[in-house]
Number of protein chains: 4
Amino acid sequence: MLDRHRKKIWDLVEVARHPEHNQPAFDWYDIFLSVLVVVNVAAVVVETVQEIATAYAEVFKALEIFSVTVFTAEYLVRLWACSADPRYQDGWKGRFRYATSFLSVVDLLAILPFFLGTWFSADMRVLWALRLLRLLRVLKLGRYSTALALMGRVLRLKSNDLIATIFALIVLIVLAASVMYHAEFVAQPDKFSSIPASMWWAVATLTTVGYGDIYPITWVGKLAASVIAILGIGLFALPAGILADGFSELRRMEQASSKKCPHCGESIEG
Amino acid sequence: MLDRHRKKIWDLVEVARHPEHNQPAFDWYDIFLSVLVVVNVAAVVVETVQEIATAYAEVFKALEIFSVTVFTAEYLVRLWACSADPRYQDGWKGRFRYATSFLSVVDLLAILPFFLGTWFSADMRVLWALRLLRLLRVLKLGRYSTALALMGRVLRLKSNDLIATIFALIVLIVLAASVMYHAEFVAQPDKFSSIPASMWWAVATLTTVGYGDIYPITWVGKLAASVIAILGIGLFALPAGILADGFSELRRMEQASSKKCPHCGESIEG
Amino acid sequence: MLDRHRKKIWDLVEVARHPEHNQPAFDWYDIFLSVLVVVNVAAVVVETVQEIATAYAEVFKALEIFSVTVFTAEYLVRLWACSADPRYQDGWKGRFRYATSFLSVVDLLAILPFFLGTWFSADMRVLWALRLLRLLRVLKLGRYSTALALMGRVLRLKSNDLIATIFALIVLIVLAASVMYHAEFVAQPDKFSSIPASMWWAVATLTTVGYGDIYPITWVGKLAASVIAILGIGLFALPAGILADGFSELRRMEQASSKKCPHCGESIEG
Amino acid sequence: MLDRHRKKIWDLVEVARHPEHNQPAFDWYDIFLSVLVVVNVAAVVVETVQEIATAYAEVFKALEIFSVTVFTAEYLVRLWACSADPRYQDGWKGRFRYATSFLSVVDLLAILPFFLGTWFSADMRVLWALRLLRLLRVLKLGRYSTALALMGRVLRLKSNDLIATIFALIVLIVLAASVMYHAEFVAQPDKFSSIPASMWWAVATLTTVGYGDIYPITWVGKLAASVIAILGIGLFALPAGILADGFSELRRMEQASSKKCPHCGESIEG
C-alpha cells in the first residue's frame with residue numbers, strides 16, 4: 001500500500017523528468033519548481049545591490065524561508081521515494097547511492113547554506129561564502145530543464161576531445177607566457193614581472209578578450225604576440241567547434257536509432 | 001472576374017516570392033521594393049546626423065510620404081488579395097489569420113509610425129520612439145530576400161539547440177558574475193559593486209569583447225577570470241557552430257530529396 | 001612550328017599550374033615568381049618605414065625595375081601564348097576573354113602602377129595611391145599557390161551562404177546601432193552622436209574586437225548591449241563555420257568522385 | 001638474452017604508449033614521468049617570481065638535478081633499446097633515424113640546457129635563454145598523454161587546410177595593414193607610422209583581441225576597419241572550424257574501420 005504511493009510520488013518527482021517520456025512538455029510541477037529556482041537566483045543577484053537589500057529585507061527573508069521549506073520537503077520526499085526506482089532498490093545502499101548522485105548533492109547544497117547560516121550567524125565572512133553557495137540552486141534547473149539536460153549529454157559525449165583541447169590550451173598558455181615574459185620583461189618590468197603575471201596576458205590574448213590592461217610594446221614582443229595569437233586562437237575557439245559537432249552527432253544518433261530503409265522497411269543505422 | 005484579377009495580383013505580390021518557384025532571381029517588383037526599403041533605412045540612419053537632417057529636411061519628408069504611400073498601398077492590396085490563396089480562403093477568419101502572420105505585422109509596423117506620428121506630433125519623446133520603429137522596415141526585406149529567408153529557415157531548424165545554448169549562457173553569466181563579485185568587491189568596490197554590475201563584466205568577457213572598462217586586478221580575481229574565460233568561451237562561440245551545422249544540414253536535406261541511387265535509379269534518402 | 005613553341009610555353013606558364021596535374025609540387029618557375037612576388041610585397045611594406053626607405057632607396061628602385069620587367073615579360077608571353085589553350089582559341093575574341101579574366105587583370109594591375117607612375121610623377125597623392133596598387137601583386141600568388149586556389153574554391157562553393165550571412169550582419173549592425181544610439185545618446189552625446197557613429201560601436205562589439213574607445217555606460221545601454229552581443233556574436237562567427245564546412249564538403253566531393261563499393265567494385269557516390 | 005631484455009624495456013618505455021594498445025590508461029611509468037614534467041614546468045614558471053626564486057633556491061636546484069638525471073637516464077635507455085623496434089632495427093642508421101625523430105629531439109632538448117648551462121655559466125643572457133629552453137620539457141608530455149597525441153593527429157590530418165588558411169591570413173594582414181596605413185597615417189602618424197606598425201593593428205583587430213592601444217579615428221579609417229573586420233574575422237576563426245572538423249573526421253575514420261553491415265555482417269567503410 002505504502003509502496004504504491006511511493007511509486008506514484010517517485011513517478012511524479014523523478015521519472016517524468018526524463019526526456020524520453022512522451023509527456024506534456026510543461027507540467028505544473030516542473031513549472032512551479034523552475035520558477036521558484038529562477039526567483040531564488042534573481043533574489044541572490046539583486047540582493048547584492050545595497051539599496052534593494054535594505055529596502056526589501058523582509059521580502060528576501062520570507063522568500064528564503066519559503067524556498068528552503070519547499071526545497072527541503074522535496075529533498076526528503078525524493079530521498080524517501082527513491083527506493084521505488086529499480087536502480088536504488090537495494091535498501092540503504094541504494095538510498096546512499098541516490099543521495100550521492102550529482103543532482104542529489106546539488107539538492108543538498110541548495111538547502112544546506114540556510115541551516116549552516118543559523119549556526120554560524122556570527123561570522124560575516126562565512127555568511128558571505130554561504131550566500132555564494134545559494135547560487136548553486138541554479139543547477140537544480142538541470143532536473144527540470146530538457147535544454148540543460150541536452151547540453152549535459154553533449155558535454156559527456158565529447159568529454160575526451162574537450163579534455164584534450166583544454167590540456168593543449170594550458171600547455172599553450174605556459175609556453176606563450178614564457179616567451180612574452182622573456183620578450184617584454186626588460187621593457188615593462190611592472191606588467192610582465194614574472195611568468196605567472198604573463199599568463200594573465202596569455203589568457204586575455206588567446207581568449208581574444210584583450211582588456212587592454214597588459215600588451216606588448218617592443219617590436220620583438222609584438223611579433224611574438226602576433227605569431228602566438230594567430231596560431232593559438234584556433235586552438236582556443238576549438239571547444240565551440242567540438243560542442244557544435246557534438247550537437248549534430250547526438251541528433252544523428254537519435255535519428256539513426258529510428259531510421260528505416262525506404263525499400264525493405266528494415267531498421268538501418270547510418 | 002474579380003477573382004481572376006485577385007489571383008493574378010496575389011501571384012505578383014506573394015507567390016512569386018517563394019524560393020521554390022523557378023523564377024528569374026530578379027524581377028522589377030522585388031528590386032523596386034527592396035531598393036525602397038534600403039533607401040528608407042539609410043534615410044533613418046543618416047537623419048540622426050544633425051547637419052544632414054537640417055540641410056535635407058525637405059528631401060527626407062518627401063521620401064517618407066512617398067514610401068508610406070507605397071507601403072500602405074502594398075499592405076492594402078495584399079490584404080485584399082490574400083483570399084486568393086488556398087491557405088487564407090475561409091472569409092474573414094482567413095483574412096485575419098493572414099493579417100496576424102509575422103510578415104504582415106511587420107508590414108503594418110512599417111507604416112503605423114507615420115499615422116501615429118501625425119496624432120502625437122506634440123510629444124517629442126514619442127516621436128523619437130516612433131523613429132526607431134521605422135527601422136523595422138528593414139525586416140520587410142525578409143519578403144524579398146532569399147538570403148534572409150535562408151537564414152530564417154536555419155534559425156528555425158536549430159531553434160531547440162540554440163535555446164538550450166542561450167539558457168546555458170545565462171546560467172553561466174550569473175555564476176561567473178557571482179564568483180567575480182565575491183573575488184573583486186573588496187579591491188574594486190566601485191566596479192564590481194554588485195552581482196548585476198559584475199554581469200556586465202561577465203558579458204564583456206565571455207563574449208570576448210573586452211572593452212577594458214572593467215577587469216579583475218587581484219590574483220584571485222585574475223585566476224577565477226581565467227578559468228571562467230577558458231571554460232566559458234567555448235559555450236559562447238557555440239551558437240555560430242550550431243548555425244553553421246544548420247546550413248550544411250539544410251543543404252543535405254535539399255540534396256537528399258532529389259537524390260537517386262546510381263544503380264537502380266530509385267530515389268534514396270541519405 | 002610557332003604553334004608548337006606556343007603550346008610548350010603555354011604548358012610551362014599556365015597548364016602546369018592547375019592542381020589536377022600530377023606535377024612535382026615545386027618547380028623552378030613557380031618558386032622564382034612566388035619569391036619575386038613575396039620580395040616585392042615585403043619591399044612595399046618595408047619601404048613605408050622612413051629610415052629604411054631613404055637608406056636603401058637605390059635597392060628598392062632596382063628591385064622595382066627588375067620586377068616590373070619580369071612581370072611585364074610574363075604578361076606579354078601569356079597574352080601571346082594563350083591562344084594555344086582550347087578555351088581561348090577563337091582569335092582576338094578568345095585573347096580578349098583571356099585578358100579580362102580575373103588573374104590576367106591582376107597581372108595587368110601589378111605592372112600598370114609603374115608605367116602610370118612615370119607619367120603622373122608630379123602629383124604626390126597619385127603616387128601614394130599607386131604604391132597601394134603595387135600591393136595587389138600579392139594576388140598574383142593565386143596563380144602559383146595551390147593553398148590560395150583551395151581557399152578560392154571554398155569561397156566559391158559557399159558563396160550563397162556567405163552572402164546570406166553578410167546581408168544578415170548588415171541588418172543586425174543597423175538595428176543594433178539604432179538601439180544603442182537611442183539608449184546612450186543622452187548620456188554620451190559625443191560618442192553615440194548619431195546612428196552612423198553608433199555603427200562603429202556595433203562593428204567593434206559584434207566582431208568582439210572591443211577596442212574600448214566606445215562602450216555603453218548607462219544601465220539601459222549595458223542591458224541592450226548585452227542582449228545584442230549574446231544574440232549577435234553567433235551570427236558574426238558564422239562565416240568561419242560556413243567556410244570550415246566548405247573545406248570538409250570539398251574534401252568529401254573529391255573523395256566521392258574516386259570511391260568504389262568495397263564488394264562489387266562499382267563506383268559509388270556518398 | 002640481452003635482446004630479450006632490450007625488447008622488454010622497449011615495450012615498457014615506448015610500445016605501451018601507443019593508444020592502439022588495450023592497456024590500463026594509467027600506469028606508474030606514465031604517471032611518474034608526466035608528474036615530473038609538470039612539476040618541472042611549474043618550477044620554471046614559479047621561479048620567475050623573484051621572492052620565491054630566492055627563498056626556495058635550494059629546492060629548485062635539487063629538483064633540477066634530480067629531473068635531469070631521470071630524463072638523461074630515460075634518453076639513454078631509449079637510445080639503447082630502440083633497436084628492438086622493427087622500424088629502427090638496421091644498426092646505426094636505424095638508431096640515428098630514431099634519434100632524429102621529433103620526440104627524441106624534444107628529449108634531447110629537455111636535458112641539453114642543463115649541460116650547456118654548466119659550460120656557459122658566466123654569461124647571464126645565455127643562462128636566461130637556456131631557462132626558456134627548459135620549458136620545452138612540456139612537449140615530452142606528448143609521449144605520455146593520449147590527449148596531446150590525439151591533438152597531434154588532428155593537426156597532421158588537416159595540415160593542408162591549415163597551411164592554406166594561415167597563408168591567406170598573412171596575405172590579409174598585409175593588405176589590411178596597407179589600407180589602414182594609407183587611411184590613418186595623416187591623422188595618427190605616431191600610431192600608424194608605417195605598414196609594419198599597422199600590421200600590429202591588423203593582427204590585434206583580425207584576431208579580435210583589440211587591446212585598444214591602436215585603432216582608427218577618422219571616418220575613412222573606421223569604415224575601412226569595419227569592412228576589413230567583418231570580412232576578415234571569418235578567415236581568422238577558420239582554423240578552429242577546420243580542427244573541429246578534423247576531430248569528427250578522425251572519429252568517423254576510427255568508427256568506419258570497425259563498422260559492419262547490419263544485414264550481411266561484412267565490414268563496410270562509411
# chains A, B, ... in the order shown; residues from 1 in each chain; ligands from 1
$ residues_around --residues "region 68-78 of chain B" --least-positions-apart "5" --cutoff "9 Å" --atoms "only C-alpha atoms" --output "VMD selection string"
chain B and resid 9 to 10 13 to 14 33 63 104 107 to 108 110 to 111 114
$ closest_atom_pairs --of "chain B" --to "chain A" --cutoff "6 Å" --atoms "only C-alpha atoms" --output "CSV"
residue,atom,partner,partner_atom,distance
B:Ala164,CA,A:Ala147,CA,4.2
B:Ser194,CA,A:Thr48,CA,5.0
B:Ile195,CA,A:Val45,CA,5.4
B:Thr205,CA,A:Val209,CA,6.0
B:Thr208,CA,A:Val209,CA,4.1
B:Val209,CA,A:Val209,CA,5.6
B:Gly210,CA,A:Val209,CA,4.7
B:Tyr211,CA,A:Tyr211,CA,5.8
B:Gly212,CA,A:Tyr211,CA,4.0
B:Gly234,CA,A:Ala240,CA,4.2
B:Ala237,CA,A:Ala240,CA,5.4
B:Leu238,CA,A:Ala240,CA,4.8
B:Gly241,CA,A:Ala244,CA,5.0
B:Ile242,CA,A:Ala244,CA,5.2
$ atom_distance --atom1 "CA of Lys61 (chain B)" --atom2 "CA of Tyr181 (chain C)"
21.6 Å
$ atom_distance --atom1 "CA of Tyr98 (chain D)" --atom2 "CA of Met253 (chain D)"
28.2 Å
$ select_by_dssp --residues "region 41-259 of chain A" --states "alpha helix (DSSP H)" --output "PyMOL selection string"
chain A and resi 41-47+50-55+57-81+91-99+102-119+124-134+141-144+146-157+159-184+195-206+219-236+238-256
$ atom_distance --atom1 "CA of Ala225 (chain D)" --atom2 "CA of Lys191 (chain D)"
14.9 Å
$ decode --residues "region 173-184 of chain A" --atoms "all heavy atoms" --output "PDB file, in the first residue's frame"
ATOM      1  N   ILE A 173      49.271  28.189 -23.023  1.00  0.00           N
ATOM      2  CA  ILE A 173      49.324  29.363 -22.154  1.00  0.00           C
ATOM      3  C   ILE A 173      50.685  29.466 -21.496  1.00  0.00           C
ATOM      4  O   ILE A 173      51.304  30.536 -21.450  1.00  0.00           O
ATOM      5  CB  ILE A 173      48.200  29.290 -21.080  1.00  0.00           C
ATOM      6  CG1 ILE A 173      46.849  29.551 -21.726  1.00  0.00           C
ATOM      7  CG2 ILE A 173      48.445  30.299 -19.964  1.00  0.00           C
ATOM      8  CD1 ILE A 173      45.674  29.334 -20.799  1.00  0.00           C
ATOM      9  N   VAL A 174      51.206  28.327 -20.996  1.00  0.00           N
ATOM     10  CA  VAL A 174      52.504  28.346 -20.316  1.00  0.00           C
ATOM     11  C   VAL A 174      53.603  28.768 -21.283  1.00  0.00           C
ATOM     12  O   VAL A 174      54.420  29.648 -20.980  1.00  0.00           O
ATOM     13  CB  VAL A 174      52.800  26.953 -19.704  1.00  0.00           C
ATOM     14  CG1 VAL A 174      54.232  26.880 -19.219  1.00  0.00           C
ATOM     15  CG2 VAL A 174      51.846  26.669 -18.571  1.00  0.00           C
ATOM     16  N   LEU A 175      53.623  28.169 -22.486  1.00  0.00           N
ATOM     17  CA  LEU A 175      54.661  28.498 -23.458  1.00  0.00           C
ATOM     18  C   LEU A 175      54.552  29.963 -23.886  1.00  0.00           C
ATOM     19  O   LEU A 175      55.556  30.684 -23.934  1.00  0.00           O
ATOM     20  CB  LEU A 175      54.569  27.574 -24.673  1.00  0.00           C
ATOM     21  CG  LEU A 175      54.984  26.122 -24.431  1.00  0.00           C
ATOM     22  CD1 LEU A 175      54.850  25.301 -25.704  1.00  0.00           C
ATOM     23  CD2 LEU A 175      56.429  26.048 -23.933  1.00  0.00           C
ATOM     24  N   ALA A 176      53.331  30.423 -24.193  1.00  0.00           N
ATOM     25  CA  ALA A 176      53.140  31.807 -24.639  1.00  0.00           C
ATOM     26  C   ALA A 176      53.568  32.791 -23.555  1.00  0.00           C
ATOM     27  O   ALA A 176      54.249  33.789 -23.837  1.00  0.00           O
ATOM     28  CB  ALA A 176      51.677  32.041 -25.020  1.00  0.00           C
ATOM     29  N   ALA A 177      53.194  32.505 -22.305  1.00  0.00           N
ATOM     30  CA  ALA A 177      53.543  33.403 -21.209  1.00  0.00           C
ATOM     31  C   ALA A 177      55.057  33.484 -21.043  1.00  0.00           C
ATOM     32  O   ALA A 177      55.615  34.562 -20.819  1.00  0.00           O
ATOM     33  CB  ALA A 177      52.885  32.923 -19.922  1.00  0.00           C
ATOM     34  N   SER A 178      55.742  32.335 -21.201  1.00  0.00           N
ATOM     35  CA  SER A 178      57.194  32.319 -21.041  1.00  0.00           C
ATOM     36  C   SER A 178      57.870  33.147 -22.120  1.00  0.00           C
ATOM     37  O   SER A 178      58.771  33.946 -21.844  1.00  0.00           O
ATOM     38  CB  SER A 178      57.704  30.882 -21.112  1.00  0.00           C
ATOM     39  OG  SER A 178      57.032  30.086 -20.189  1.00  0.00           O
ATOM     40  N   VAL A 179      57.424  32.971 -23.366  1.00  0.00           N
ATOM     41  CA  VAL A 179      58.022  33.722 -24.463  1.00  0.00           C
ATOM     42  C   VAL A 179      57.828  35.219 -24.238  1.00  0.00           C
ATOM     43  O   VAL A 179      58.767  36.013 -24.346  1.00  0.00           O
ATOM     44  CB  VAL A 179      57.415  33.285 -25.816  1.00  0.00           C
ATOM     45  CG1 VAL A 179      57.818  34.238 -26.926  1.00  0.00           C
ATOM     46  CG2 VAL A 179      57.828  31.872 -26.152  1.00  0.00           C
ATOM     47  N   MET A 180      56.598  35.625 -23.884  1.00  0.00           N
ATOM     48  CA  MET A 180      56.331  37.054 -23.710  1.00  0.00           C
ATOM     49  C   MET A 180      57.067  37.611 -22.497  1.00  0.00           C
ATOM     50  O   MET A 180      57.483  38.763 -22.498  1.00  0.00           O
ATOM     51  CB  MET A 180      54.824  37.293 -23.570  1.00  0.00           C
ATOM     52  CG  MET A 180      54.067  37.101 -24.850  1.00  0.00           C
ATOM     53  SD  MET A 180      54.705  38.098 -26.209  1.00  0.00           S
ATOM     54  CE  MET A 180      54.060  39.684 -25.706  1.00  0.00           C
ATOM     55  N   TYR A 181      57.221  36.805 -21.455  1.00  0.00           N
ATOM     56  CA  TYR A 181      57.968  37.258 -20.276  1.00  0.00           C
ATOM     57  C   TYR A 181      59.400  37.600 -20.672  1.00  0.00           C
ATOM     58  O   TYR A 181      59.924  38.665 -20.312  1.00  0.00           O
ATOM     59  CB  TYR A 181      57.943  36.167 -19.206  1.00  0.00           C
ATOM     60  CG  TYR A 181      58.966  36.329 -18.122  1.00  0.00           C
ATOM     61  CD1 TYR A 181      58.889  37.388 -17.223  1.00  0.00           C
ATOM     62  CD2 TYR A 181      60.026  35.435 -17.992  1.00  0.00           C
ATOM     63  CE1 TYR A 181      59.831  37.536 -16.219  1.00  0.00           C
ATOM     64  CE2 TYR A 181      60.968  35.578 -17.000  1.00  0.00           C
ATOM     65  CZ  TYR A 181      60.875  36.627 -16.111  1.00  0.00           C
ATOM     66  OH  TYR A 181      61.806  36.782 -15.131  1.00  0.00           O
ATOM     67  N   HIS A 182      60.028  36.726 -21.460  1.00  0.00           N
ATOM     68  CA  HIS A 182      61.404  36.980 -21.877  1.00  0.00           C
ATOM     69  C   HIS A 182      61.484  38.141 -22.857  1.00  0.00           C
ATOM     70  O   HIS A 182      62.481  38.847 -22.916  1.00  0.00           O
ATOM     71  CB  HIS A 182      62.006  35.707 -22.480  1.00  0.00           C
ATOM     72  CG  HIS A 182      62.365  34.688 -21.452  1.00  0.00           C
ATOM     73  ND1 HIS A 182      61.501  33.692 -21.059  1.00  0.00           N
ATOM     74  CD2 HIS A 182      63.472  34.527 -20.687  1.00  0.00           C
ATOM     75  CE1 HIS A 182      62.069  32.951 -20.116  1.00  0.00           C
ATOM     76  NE2 HIS A 182      63.267  33.435 -19.873  1.00  0.00           N
ATOM     77  N   ALA A 183      60.425  38.363 -23.643  1.00  0.00           N
ATOM     78  CA  ALA A 183      60.464  39.430 -24.654  1.00  0.00           C
ATOM     79  C   ALA A 183      60.175  40.802 -24.047  1.00  0.00           C
ATOM     80  O   ALA A 183      60.736  41.805 -24.492  1.00  0.00           O
ATOM     81  CB  ALA A 183      59.460  39.125 -25.765  1.00  0.00           C
ATOM     82  N   GLU A 184      59.309  40.860 -23.040  1.00  0.00           N
ATOM     83  CA  GLU A 184      58.825  42.160 -22.564  1.00  0.00           C
ATOM     84  C   GLU A 184      59.326  42.541 -21.172  1.00  0.00           C
ATOM     85  O   GLU A 184      59.110  43.677 -20.737  1.00  0.00           O
ATOM     86  CB  GLU A 184      57.283  42.150 -22.548  1.00  0.00           C
ATOM     87  CG  GLU A 184      56.642  42.155 -23.911  1.00  0.00           C
ATOM     88  CD  GLU A 184      56.739  43.527 -24.582  1.00  0.00           C
ATOM     89  OE1 GLU A 184      56.508  44.539 -23.914  1.00  0.00           O
ATOM     90  OE2 GLU A 184      57.077  43.564 -25.792  1.00  0.00           O
TER      91      GLU A 184
END
